[in-house]
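Next up, coords-v3.cif (mmCIF, C-alpha atoms):
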data_final
loop_
_atom_site.group_PDB
_atom_site.id
_atom_site.type_symbol
_atom_site.label_atom_id
_atom_site.label_comp_id
_atom_site.auth_asym_id
_atom_site.auth_seq_id
_atom_site.Cartn_x
_atom_site.Cartn_y
_atom_site.Cartn_z
ATOM 1 C CA MET A 200 37.050 -40.167 -91.447
ATOM 2 C CA ASP A 201 40.476 -41.763 -91.279
ATOM 3 C CA GLY A 202 40.123 -45.446 -90.625
ATOM 4 C CA GLY A 203 43.842 -46.058 -90.163
ATOM 5 C CA GLY A 204 43.597 -46.253 -86.379
ATOM 6 C CA GLN A 205 46.048 -43.471 -85.662
ATOM 7 C CA ALA A 206 45.169 -41.179 -82.766
ATOM 8 C CA PRO A 207 44.821 -37.533 -83.755
ATOM 9 C CA ALA A 208 47.759 -35.355 -82.818
ATOM 10 C CA ARG A 209 47.247 -33.291 -79.691
ATOM 11 C CA PRO A 210 47.543 -29.542 -80.091
ATOM 12 C CA ARG A 211 50.762 -28.219 -78.647
ATOM 13 C CA ALA A 212 50.392 -25.894 -75.686
ATOM 14 C CA GLU A 213 51.434 -22.347 -76.299
ATOM 15 C CA PRO A 214 54.640 -21.546 -74.389
ATOM 16 C CA THR A 215 54.316 -19.121 -71.495
ATOM 17 C CA ARG A 216 55.883 -15.800 -72.348
ATOM 18 C CA ARG A 217 57.178 -13.278 -69.814
ATOM 19 C CA VAL A 218 57.134 -9.569 -70.434
ATOM 20 C CA ARG A 219 58.825 -6.863 -68.391
ATOM 21 C CA LEU A 220 57.064 -3.615 -67.598
ATOM 22 C CA ARG A 221 59.087 -0.630 -66.432
ATOM 23 C CA PHE A 222 57.957 2.202 -64.161
ATOM 24 C CA ASP A 223 60.113 5.309 -63.660
ATOM 25 C CA GLY A 224 59.371 7.698 -60.833
ATOM 26 C CA TRP A 225 59.353 8.064 -57.081
ATOM 27 C CA ILE A 226 58.152 6.070 -54.074
ATOM 28 C CA ALA A 227 57.449 7.982 -50.859
ATOM 29 C CA GLY A 228 56.893 6.091 -47.613
ATOM 30 C CA LEU A 229 55.986 7.549 -44.244
ATOM 31 C CA GLY A 230 54.324 6.659 -40.981
ATOM 32 C CA THR A 231 52.073 8.714 -38.735
ATOM 33 C CA SER A 232 51.677 8.855 -34.978
ATOM 34 C CA SER A 233 48.151 7.441 -35.364
ATOM 35 C CA GLY A 234 49.648 4.210 -36.723
ATOM 36 C CA THR A 235 48.557 4.659 -40.345
ATOM 37 C CA ARG A 236 51.385 4.143 -42.851
ATOM 38 C CA VAL A 237 51.265 5.623 -46.347
ATOM 39 C CA VAL A 238 53.154 4.650 -49.516
ATOM 40 C CA LEU A 239 52.849 6.914 -52.547
ATOM 41 C CA GLY A 240 53.901 5.849 -56.035
ATOM 42 C CA HIS A 241 54.394 8.776 -58.414
ATOM 43 C CA TRP A 242 55.128 7.494 -61.937
ATOM 44 C CA PRO A 243 55.727 10.041 -64.742
ATOM 45 C CA GLY A 244 56.911 7.147 -66.927
ATOM 46 C CA SER A 245 54.945 3.891 -67.107
ATOM 47 C CA PRO A 246 53.214 1.532 -69.573
ATOM 48 C CA PHE A 247 49.935 3.142 -68.445
ATOM 49 C CA GLY A 248 51.140 6.696 -68.997
ATOM 50 C CA PRO A 249 51.822 9.095 -66.113
ATOM 51 C CA PHE A 250 49.918 8.212 -62.945
ATOM 52 C CA SER A 251 50.108 8.141 -59.161
ATOM 53 C CA ASP A 252 48.669 5.656 -56.682
ATOM 54 C CA VAL A 253 48.523 5.393 -52.911
ATOM 55 C CA MET A 254 48.713 2.405 -50.592
ATOM 56 C CA LEU A 255 47.661 2.789 -46.955
ATOM 57 C CA GLU A 256 47.833 0.396 -44.054
ATOM 58 C CA ARG A 257 45.613 1.321 -41.144
ATOM 59 C CA PRO A 258 46.677 0.682 -37.524
ATOM 60 C CA ASP A 259 44.021 -2.019 -37.142
ATOM 61 C CA GLY A 260 45.314 -3.892 -40.197
ATOM 62 C CA PRO A 261 43.280 -3.103 -43.357
ATOM 63 C CA ARG A 262 45.396 -2.429 -46.448
ATOM 64 C CA VAL A 263 43.853 0.041 -48.888
ATOM 65 C CA LEU A 264 44.743 0.835 -52.512
ATOM 66 C CA LEU A 265 43.740 4.181 -54.035
ATOM 67 C CA ALA A 266 44.202 3.935 -57.814
ATOM 68 C CA PRO A 267 43.234 6.432 -60.549
ATOM 69 C CA SER A 268 41.659 4.001 -63.055
ATOM 70 C CA PRO A 269 40.185 0.477 -63.169
ATOM 71 C CA GLU A 270 43.073 -0.693 -65.386
ATOM 72 C CA ILE A 271 45.727 0.487 -62.945
ATOM 73 C CA ALA A 272 43.724 -0.815 -59.979
ATOM 74 C CA ARG A 273 43.592 -4.293 -61.551
ATOM 75 C CA PHE A 274 47.302 -4.314 -62.326
ATOM 76 C CA VAL A 275 48.421 -3.117 -58.881
ATOM 77 C CA ALA A 276 45.964 -5.377 -57.032
ATOM 78 C CA ALA A 277 47.248 -8.351 -59.040
ATOM 79 C CA THR A 278 50.807 -7.532 -57.958
ATOM 80 C CA TYR A 279 50.288 -6.627 -54.287
ATOM 81 C CA THR A 280 47.814 -7.604 -51.564
ATOM 82 C CA PHE A 281 44.981 -5.356 -50.361
ATOM 83 C CA ASP A 282 41.830 -5.639 -48.324
ATOM 84 C CA ASP A 283 40.122 -2.731 -50.080
ATOM 85 C CA VAL A 284 40.637 -1.350 -53.605
ATOM 86 C CA GLN A 285 39.181 2.051 -54.514
ATOM 87 C CA VAL A 286 39.251 3.737 -57.926
ATOM 88 C CA VAL A 287 39.476 7.468 -57.210
ATOM 89 C CA PRO A 288 41.244 10.516 -58.682
ATOM 90 C CA VAL A 289 44.825 10.712 -57.383
ATOM 91 C CA ARG A 290 46.476 14.102 -57.806
ATOM 92 C CA VAL A 291 50.082 14.859 -56.911
ATOM 93 C CA GLN A 292 51.769 18.252 -57.081
ATOM 94 C CA VAL A 293 55.504 18.707 -56.546
ATOM 95 C CA ALA A 294 57.038 22.142 -56.062
ATOM 96 C CA GLY A 295 60.676 21.787 -55.095
ATOM 97 C CA ALA A 296 60.765 20.063 -51.713
ATOM 98 C CA GLU A 297 56.995 20.387 -51.186
ATOM 99 C CA TRP A 298 54.687 17.510 -52.112
ATOM 100 C CA SER A 299 50.884 17.633 -52.046
ATOM 101 C CA VAL A 300 48.659 14.565 -52.527
ATOM 102 C CA ALA A 301 44.875 14.450 -52.851
ATOM 103 C CA ALA A 302 43.220 11.043 -53.312
ATOM 104 C CA ALA A 303 39.521 11.099 -52.401
ATOM 105 C CA ALA A 304 39.444 10.820 -48.587
ATOM 106 C CA LEU A 305 43.230 11.199 -48.241
ATOM 107 C CA HIS A 306 44.920 14.590 -48.082
ATOM 108 C CA LEU A 307 48.671 14.542 -47.534
ATOM 109 C CA ARG A 308 51.412 17.150 -47.543
ATOM 110 C CA PHE A 309 55.075 16.509 -46.872
ATOM 111 C CA THR A 310 58.454 18.146 -47.260
ATOM 112 C CA THR A 311 61.738 16.496 -48.226
ATOM 113 C CA GLY A 312 65.140 17.392 -46.814
ATOM 114 C CA ARG A 313 68.647 17.414 -48.172
ATOM 115 C CA ARG A 314 70.172 14.390 -49.826
ATOM 116 C CA GLY A 315 72.092 12.316 -47.266
ATOM 117 C CA PRO A 316 75.140 10.026 -47.695
ATOM 118 C CA LEU A 317 73.042 7.146 -49.057
ATOM 119 C CA GLY A 318 71.326 9.465 -51.512
ATOM 120 C CA HIS A 319 74.697 10.707 -52.778
ATOM 121 C CA LEU A 320 75.904 7.109 -53.097
ATOM 122 C CA LEU A 321 72.844 6.084 -55.099
ATOM 123 C CA GLY A 322 73.118 9.183 -57.271
ATOM 124 C CA ALA A 323 76.672 8.234 -58.241
ATOM 125 C CA VAL A 324 75.403 5.128 -60.073
ATOM 126 C CA PRO A 325 74.672 5.820 -63.777
ATOM 127 C CA PRO A 326 70.881 5.788 -64.283
ATOM 128 C CA SER A 327 71.151 3.334 -67.176
ATOM 129 C CA LEU A 328 72.872 0.866 -64.823
ATOM 130 C CA ALA A 329 70.678 1.503 -61.783
ATOM 131 C CA ALA A 330 67.547 0.787 -63.848
ATOM 132 C CA ARG A 331 68.675 -2.725 -64.824
ATOM 133 C CA PRO A 332 67.143 -5.701 -62.978
ATOM 134 C CA ALA A 333 70.578 -7.332 -62.838
ATOM 135 C CA TRP A 334 71.905 -4.357 -60.865
ATOM 136 C CA ALA A 335 68.970 -4.514 -58.434
ATOM 137 C CA ALA A 336 69.641 -8.223 -57.940
ATOM 138 C CA ALA A 337 73.344 -7.553 -57.320
ATOM 139 C CA MET A 338 72.446 -4.933 -54.702
ATOM 140 C CA ALA A 339 70.090 -7.275 -52.844
ATOM 141 C CA PRO A 340 72.644 -8.604 -50.285
ATOM 142 C CA PRO A 341 73.929 -5.176 -49.105
ATOM 143 C CA ALA A 342 70.365 -3.809 -49.133
ATOM 144 C CA ARG A 343 69.263 -6.576 -46.783
ATOM 145 C CA LEU A 344 71.824 -5.321 -44.250
ATOM 146 C CA LEU A 345 69.815 -2.079 -44.207
ATOM 147 C CA GLY A 346 66.542 -3.978 -43.879
ATOM 148 C CA LEU A 347 65.553 -3.322 -47.512
ATOM 149 C CA ARG A 348 64.557 -5.576 -50.412
ATOM 150 C CA THR A 349 65.530 -4.687 -53.984
ATOM 151 C CA CYS A 350 64.007 -7.740 -55.668
ATOM 152 C CA GLY A 351 61.554 -10.488 -54.905
ATOM 153 C CA SER A 352 58.444 -12.410 -55.890
ATOM 154 C CA ALA A 353 55.026 -10.770 -56.128
ATOM 155 C CA ARG A 354 51.523 -12.140 -56.630
ATOM 156 C CA ASP A 355 50.377 -14.100 -59.687
ATOM 157 C CA GLY A 356 53.878 -15.418 -60.380
ATOM 158 C CA ARG A 357 55.245 -11.938 -60.953
ATOM 159 C CA ARG A 358 58.725 -10.770 -60.026
ATOM 160 C CA GLU A 359 59.925 -7.251 -59.223
ATOM 161 C CA TRP A 360 63.193 -5.335 -59.164
ATOM 162 C CA TYR A 361 63.697 -1.907 -57.594
ATOM 163 C CA GLY A 362 66.606 0.163 -58.936
ATOM 164 C CA ALA A 363 67.062 3.103 -56.554
ATOM 165 C CA GLN A 364 68.796 6.198 -57.912
ATOM 166 C CA ASP A 365 68.334 8.771 -55.142
ATOM 167 C CA LEU A 366 66.959 9.096 -51.622
ATOM 168 C CA ARG A 367 65.847 12.076 -49.569
ATOM 169 C CA GLY A 368 64.387 12.019 -46.099
ATOM 170 C CA ILE A 369 60.929 13.399 -45.353
ATOM 171 C CA THR A 370 61.203 16.083 -42.685
ATOM 172 C CA THR A 371 57.583 17.192 -42.099
ATOM 173 C CA ALA A 372 54.167 15.777 -42.945
ATOM 174 C CA THR A 373 50.494 16.391 -42.278
ATOM 175 C CA ALA A 374 47.722 14.037 -43.329
ATOM 176 C CA THR A 375 44.002 13.399 -42.942
ATOM 177 C CA TYR A 376 42.016 10.354 -44.023
ATOM 178 C CA GLU A 377 38.229 10.206 -44.013
ATOM 179 C CA GLY A 378 38.258 13.398 -41.969
ATOM 180 C CA GLU A 379 40.604 11.972 -39.334
ATOM 181 C CA ASP A 380 43.864 13.739 -38.501
ATOM 182 C CA LEU A 381 46.517 11.042 -38.822
ATOM 183 C CA GLY A 382 48.897 12.799 -36.455
ATOM 184 C CA SER A 383 52.536 13.745 -36.711
ATOM 185 C CA LEU A 384 55.270 12.249 -38.891
ATOM 186 C CA ALA A 385 56.601 8.904 -37.623
ATOM 187 C CA ARG A 386 58.596 5.883 -38.749
ATOM 188 C CA VAL A 387 57.055 3.267 -41.026
ATOM 189 C CA ALA A 388 56.544 0.859 -38.146
ATOM 190 C CA PRO A 389 55.487 -1.866 -38.225
ATOM 191 C CA PRO A 390 56.542 -2.422 -41.850
ATOM 192 C CA VAL A 391 53.756 -2.334 -44.436
ATOM 193 C CA ARG A 392 52.473 -5.681 -45.734
ATOM 194 C CA PHE A 393 51.524 -5.025 -49.355
ATOM 195 C CA GLY A 394 54.237 -7.132 -50.975
ATOM 196 C CA PHE A 395 57.542 -8.898 -50.365
ATOM 197 C CA GLY A 396 59.170 -5.824 -48.817
ATOM 198 C CA SER A 397 58.428 -2.537 -47.122
ATOM 199 C CA THR A 398 59.685 0.985 -47.636
ATOM 200 C CA PRO A 399 62.570 2.080 -45.380
ATOM 201 C CA GLY A 400 61.620 2.601 -41.748
ATOM 202 C CA ARG A 401 62.745 6.197 -41.903
ATOM 203 C CA PRO A 402 60.246 8.341 -43.877
ATOM 204 C CA CYS A 403 61.777 9.120 -47.270
ATOM 205 C CA VAL A 404 61.301 9.615 -50.988
ATOM 206 C CA VAL A 405 63.238 7.277 -53.295
ATOM 207 C CA ARG A 406 63.888 7.941 -56.970
ATOM 208 C CA VAL A 407 63.444 4.503 -58.497
ATOM 209 C CA THR A 408 62.956 2.424 -61.614
ATOM 210 C CA THR A 409 60.706 -0.540 -60.887
ATOM 211 C CA THR A 410 60.629 -3.498 -63.286
ATOM 212 C CA VAL A 411 57.787 -6.029 -63.113
ATOM 213 C CA ALA A 412 58.098 -9.353 -64.926
ATOM 214 C CA MET A 413 54.773 -11.065 -65.613
ATOM 215 C CA ARG A 414 53.376 -13.972 -67.602
ATOM 216 C CA THR A 415 51.222 -13.370 -70.665
#
Rewrite the structure from the file as structure tokens, please.
Amino acid sequence: MDGGGQAPARPRAEPTRRVRLRFDGWIAGLGTSSGTRVVLGHWPGSPFGPFSDVMLERPDGPRVLLAPSPEIARFVAATYTFDDVQVVPVRVQVAGAEWSVAAAALHLRFTTGRRGPLGHLLGAVPPSLAARPAWAAAMAPPARLLGLRTCGSARDGRREWYGAQDLRGITTATATYEGEDLGSLARVAPPVRFGFGSTPGRPCVVRVTTTVAMRT
């Protein structure tokens, strides 16, 4: 033992490091006349490989996540807020304008329409620029005028940026959940409460690159 009386040096804390994860794909948001709102994430490109997940908010308040694996369920539930998390197969088929979704008790079909003025405007932005978090942050003020959020804070100290590259309205939809017919297509109203922002009130599909910054 050292008898010199000097206190041992304290170990230095490891610095917190942030990593950014990028997800390329589509987000579809729609409401139903029953009051259930549905948000589909369809991600051909992600750190987890291709996958799809579904978030539902029921008219009486419960928020449900349907995720295809425990790993994805943990990641999404750590980023957003849910009352119920279910690990179930999530299958999405896209044939032109026709989308079909099967996720355990949820069966959803919807059709997209032509690209509108906002879709053309978003499509004019080079994809390499639209995917950058700095671009999403720059677009935050004009997006707020449309009632949208392109960046914000998530759970567990995470931060997100949404870089939209296209938008098409949803023109028709049919859906059942746990054997219940959810009714006709409607606006996403009230807004969903999974994270810092909701999908647009008008049912639509958005081509998007989502970046999530998280601590490791």
Residues in the PyMOL selection byres ((chain A and resi 369) around 10), expressed as a list of chain:residue names: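 Selection result, ordered by chain and number: A:Ala227, A:Gly228, A:Leu229, A:Ala296, A:Glu297, A:Phe309, A:Thr310, A:Thr311, A:Gly312, A:Arg313, A:Leu366, A:Arg367, A:Gly368, A:Thr370, A:Thr371, A:Ala372, A:Leu384, A:Ala385, A:Arg401, A:Pro402, A:Cys403, A:Val404.
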Given the point (56.4, -8.1, -58.1) in the file's coordinates, find the residues that have an atom at most 9 Å from it, counting only C-alpha atoms, and give them as a ChimeraX atom specification. /A:278-279,350-360,394-395,410-413
Which residue gives the smallest distance to Ala304 of chain A among A:Val287, A:Ala335, A:Leu347, A:Ile271, with only C-alpha atoms counted?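 Using only C-alpha atoms, the shortest distance to Ala304 of chain A belongs to A:Val287.
For the atom pair formed by atom CA of Pro332 of chain A and atom CA of Val237 of chain A, the distance is 25.6 Å, given to one decimal.
As for atom CA of Ala266 of chain A and atom CA of Ala303 of chain A, they are spaced 10.1 Å apart.
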Translate the PyMOL selection byres ((chain A and resi 363) around 12), as applied to the file shown, into an explicit residue set as a ChimeraX atom specification. /A:222-226,317-332,334-336,338-339,342,347-350,360-362,364-367,398,404-410
Give me the result of the PyMOL selection byres ((chain A and resi 251-258) around 9) on this file, residue by residue, as a PyMOL selection string. chain A and resi 233-243+249-250+259-267+271-272+281+289-291+302+391-393
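Between atom CA of Pro389 of chain A and atom CA of Gly230 of chain A the separation is 9.0 Å.
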Rank nothing, just name the residue among A:Arg308, A:Arg314, A:Arg273, A:Arg216 nearest to Ser383 of chain A, using only C-alpha atoms. A:Arg308
